[in-house]
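Since the structure comes first, as structure tokens, the remarks are kept for the end.
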Number of protein chains: 2
Amino acid sequence: MTVLGIDLGGTKLALAVFSEDGSLVREETSMLAGRTGGEVGALIAEQVTAFLNKDHEISSIGACVPGISFHETGRVWAPNIPGWDDYPLHDELQQVADRVPVSVDSDRACYILGESWKGNAAGCRDAIYLAVGTGIGAGILTDGKVLRGAHDIAGAVGWMALERPFDRKYVECGCFETQASGEGIAKLAKEILSSAKSYEGVFNNIPPKEITASDIFAAYEKGDSVATEVVRQCIELWGMAVANLVSIFNPEKIILGGGVFGAAVRFIPEIRDEAAKWAQPISMKRVSIEPSALGARAGLYGAGLLAMQNLGSE
Amino acid sequence: MTVLGIDLGGTKLALAVFSEDGSLVREETSMLAGRTGGEVGALIAEQVTAFLNKDHEISSIGACVPGISFHETGRVWAPNIPGWDDYPLHDELQQVADRVPVSVDSDRACYILGESWKGNAAGCRDAIYLAVGTGIGAGILTDGKVLRGAHDIAGAVGWMALERPFDRKYVECGCFETQASGEGIAKLAKEILSSAKSYEGVFNNIPPKEITASDIFAAYEKGDSVATEVVRQCIELWGMAVANLVSIFNPEKIILGGGVFGAAVRFIPEIRDEAAKWAQPISMKRVSIEPSALGARAGLYGAGLLAMQNLGSE
């Protein structure tokens, strides 16, 4: 018996076969290469068919999507894939899979499922994956189950209010995400640069429009003053967000992942120190803050566990 | 068949018999009258024995405590009852109850259980009771179950970080609670008064030490400038906290209760407006923000539902 995990990202598609004990047996990655709408669905269908034809032991399929999966309708919302505002992924996959059962879930749900299966949250029943990339979201495991909320959109922690008063710039994607996501970090650097009077440093050589979070972490290593200020503010905001999750959920672990963690993993001790100022003190003492063990494969492993859960065996 | 609900508060003890359909049949209240430690335990034991002797149909007992109930040990922490840092309430109750099963839970868990049974969250599987009184905490129902966390201290939302940078005054009980609990409201009024240069109003006639949240709401009704500023700030903070719970949990309902709601129930429309600025917009549109229907009896009804859950019938 094996299961198939599918991880759809904004630019690529990964499929992997997992053995019963959760070992990754085989993995294939394709680029979306500008595909949109039904073309992306067709690519997934083609790949799944190829895997099913090659491996007759595949007994279950799980899929991770970059957005929200609505369980009642089987449809998904994936903002980075044009034409996937309301895409009937579950039904399409089920048609291809025939009698093999199919589950679909959001990327943030799959991240924490993956880490709880084969990563740094292994064995945890209460754990949170805080994903900081282009955007910010959290996959939340409470008492062994993924928190969905009433309409499958729980975990939208990028909208966390961390600083008053309200600023119009938060309207688009929320206070926390606006300031501390990968894009937020870059924007903050530009803001600081544009108001700096006498700055000499790394960013004199990068056009403001091209500054990325990676540039900022690299500049920080060189002691750049603007990068130092940006990182200080991010640590403060990440620490406050971690604190809020600790006080609200009393989890065993918080996993920091996504594209920014990555490079920002080196700041985990400082983020923990900041969180410890704010959080419920007993919960804070008992939580472990860790990087993702699975990195870019967290969603793929999570899709594998989704597939396993279809079979009632984990 | 009936069940017995016990609601222990910081100053009094209430017991009530509920019929199978959840109607409150009989209720008795005793004052703690300065009792501490084992004396409080003895009062509860005496009352429970009297109820069991009078009503032989009592098949299950639930108890609500003003603090935390640790399920592994059966012990409770109730900061307002001297000597109850680590009190073996479950074992004591079980000894008195003999073969009648006993459950104990925290007040915040019982509040949302009560509202979900017979109050404004009836029928909800995802709902939150935000209790704002002397302190602040939340009882959180996710997918029909109370959120406990890894060590039974989930829901400590008084520790929510809502404003940076960190201020030393948050150390004792957290950023949100320090500023927007009943005590926080009174402190804020005193702070504003002490820095006001030319204030003429209601608080000229109240010694600062004696100002309470009720005084502030009464002064607000009269258009007092300090009370107006305090209420404005509280609405902002309550709105941000509600927003964070909406974005994180995507609940059907948030119930505002505790001593402050009460009088502050009239501000629910303004709190909703403030929350709507910050929260994940789809979740915000679909959540209902409501006052507690059970008021001071929410914990007692919650204890009744705890007792029902012991029997596997709700």
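Following the order of the structure tokens, chains are lettered A, B, ..., residues in each are numbered from 1, and ligands are numbered from 1.
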
DSSP says alpha helix (DSSP H) for which residues of stretch 40-188 of chain A? Put them as a short mmCIF file (atom, residue, chain, number, x, y, z; two decimals) with C-alpha atoms, in the first residue's frame?
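Saved result, out11.cif, follows:
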data_model
loop_
_atom_site.label_atom_id
_atom_site.label_comp_id
_atom_site.auth_asym_id
_atom_site.auth_seq_id
_atom_site.Cartn_x
_atom_site.Cartn_y
_atom_site.Cartn_z
CA VAL A 40 -3.58 23.71 -14.30
CA GLY A 41 -6.35 21.20 -13.58
CA ALA A 42 -5.40 19.28 -16.74
CA LEU A 43 -1.72 19.17 -15.74
CA ILE A 44 -2.64 17.76 -12.32
CA ALA A 45 -4.99 15.19 -13.88
CA GLU A 46 -2.30 14.10 -16.33
CA GLN A 47 0.32 13.69 -13.60
CA VAL A 48 -2.05 11.85 -11.26
CA THR A 49 -3.05 9.47 -14.06
CA ALA A 50 0.61 8.75 -14.80
CA PHE A 51 1.33 8.00 -11.15
CA LEU A 52 -1.74 5.76 -10.79
CA ASN A 53 -0.77 3.83 -13.95
CA LYS A 54 2.78 3.33 -12.72
CA LEU A 89 -10.57 20.58 -7.74
CA HIS A 90 -11.97 17.81 -5.57
CA ASP A 91 -14.47 16.64 -8.19
CA GLU A 92 -11.91 16.81 -11.00
CA LEU A 93 -9.39 14.81 -8.99
CA GLN A 94 -12.00 12.29 -7.90
CA GLN A 95 -12.98 11.70 -11.52
CA VAL A 96 -9.38 10.91 -12.46
CA ALA A 97 -8.81 8.83 -9.31
CA ASP A 107 -1.49 24.78 2.29
CA ARG A 108 -1.45 26.01 5.88
CA ALA A 109 -3.39 22.94 7.04
CA CYS A 110 -1.00 20.69 5.11
CA TYR A 111 2.09 22.40 6.55
CA ILE A 112 1.16 21.55 10.14
CA LEU A 113 -0.06 18.09 9.12
CA GLY A 114 3.28 17.45 7.42
CA GLU A 115 5.32 18.64 10.40
CA SER A 116 3.12 16.63 12.78
CA TRP A 117 3.69 13.52 10.68
CA LYS A 118 7.37 13.60 9.78
CA CYS A 175 -1.90 44.55 10.00
CA PHE A 176 0.54 41.69 10.67
CA GLU A 177 0.97 40.58 7.04
CA THR A 178 1.31 44.17 5.77
CA GLN A 179 4.28 44.72 8.04
CA ALA A 180 6.00 41.40 8.56
CA GLY A 182 8.19 38.81 2.86
CA GLU A 183 6.56 41.63 0.91
CA GLY A 184 5.96 43.63 4.08
CA ILE A 185 9.63 43.45 5.02
CA ALA A 186 10.66 44.81 1.65
CA LYS A 187 8.08 47.61 1.86
CA LEU A 188 9.23 48.57 5.33
#

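What chain B places within 7 Å of chain A, counting only C-alpha atoms, is Asp126, Thr142, Gly149, Ala150, His151, Ile153, Ala154, Gly155, Ala156, Val157, Trp159, Met160, Ala161, Leu162, Glu163, Arg164, Gly174, Met240, Asn244, Ser247, Ile248, Phe249, Asn250, Pro251, Glu252, Trp278, Ala279 and Gln280 of chain B.
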
Output C-alpha atoms for every residue in the selection just made, as an mmCIF file, in the first residue's frame.
data_model
loop_
_atom_site.group_PDB
_atom_site.id
_atom_site.type_symbol
_atom_site.label_atom_id
_atom_site.label_comp_id
_atom_site.auth_asym_id
_atom_site.auth_seq_id
_atom_site.Cartn_x
_atom_site.Cartn_y
_atom_site.Cartn_z
ATOM 1 C CA ASP B 126 -17.480 27.211 16.555
ATOM 2 C CA THR B 142 -13.956 24.641 18.006
ATOM 3 C CA GLY B 149 -4.381 23.382 24.681
ATOM 4 C CA ALA B 150 -1.550 21.153 25.800
ATOM 5 C CA HIS B 151 -1.814 22.059 29.509
ATOM 6 C CA ILE B 153 -4.531 26.961 29.803
ATOM 7 C CA ALA B 154 -5.704 27.868 26.296
ATOM 8 C CA GLY B 155 -7.932 30.943 26.036
ATOM 9 C CA ALA B 156 -5.653 33.283 28.008
ATOM 10 C CA VAL B 157 -6.580 36.131 25.691
ATOM 11 C CA TRP B 159 -2.325 38.326 27.374
ATOM 12 C CA MET B 160 -2.972 39.323 23.766
ATOM 13 C CA ALA B 161 -0.371 41.784 22.409
ATOM 14 C CA LEU B 162 -2.273 44.612 20.729
ATOM 15 C CA GLU B 163 0.113 47.557 20.881
ATOM 16 C CA ARG B 164 3.850 47.937 20.589
ATOM 17 C CA GLY B 174 -0.859 41.050 29.819
ATOM 18 C CA MET B 240 -8.994 44.563 17.856
ATOM 19 C CA ASN B 244 -8.057 38.673 16.124
ATOM 20 C CA SER B 247 -9.332 35.998 11.881
ATOM 21 C CA ILE B 248 -7.788 33.135 13.844
ATOM 22 C CA PHE B 249 -10.901 31.024 14.548
ATOM 23 C CA ASN B 250 -13.474 31.928 11.846
ATOM 24 C CA PRO B 251 -16.255 31.389 14.424
ATOM 25 C CA GLU B 252 -20.010 31.557 13.918
ATOM 26 C CA TRP B 278 -8.955 44.744 11.183
ATOM 27 C CA ALA B 279 -10.355 41.251 10.670
ATOM 28 C CA GLN B 280 -10.185 38.815 7.771
#

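Atom CA of A:Ala263 sits 11.2 Å away from atom CA of A:Gly133.
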
From the list A:Ile235, A:Phe18, A:Ser225, A:Ala219, the nearest residue to A:Asp55 using only C-alpha atoms is A:Phe18

Which of these, A:Arg232, A:Arg297, A:Arg266, A:Lys222, has the shortest distance to A:Val202 once you count only C-alpha atoms?
A:Lys222

May I have the residues within 12 Å of B:Ala227 as number ranges by chain, using only C-alpha atoms and disregarding those fewer than 6 positions away in the same chain?
B: 185-193, 199-203, 211-221, 233-234

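Pairwise distance (atom CA of B:Ile6, atom CA of B:Ala78) equals 14.9 Å.
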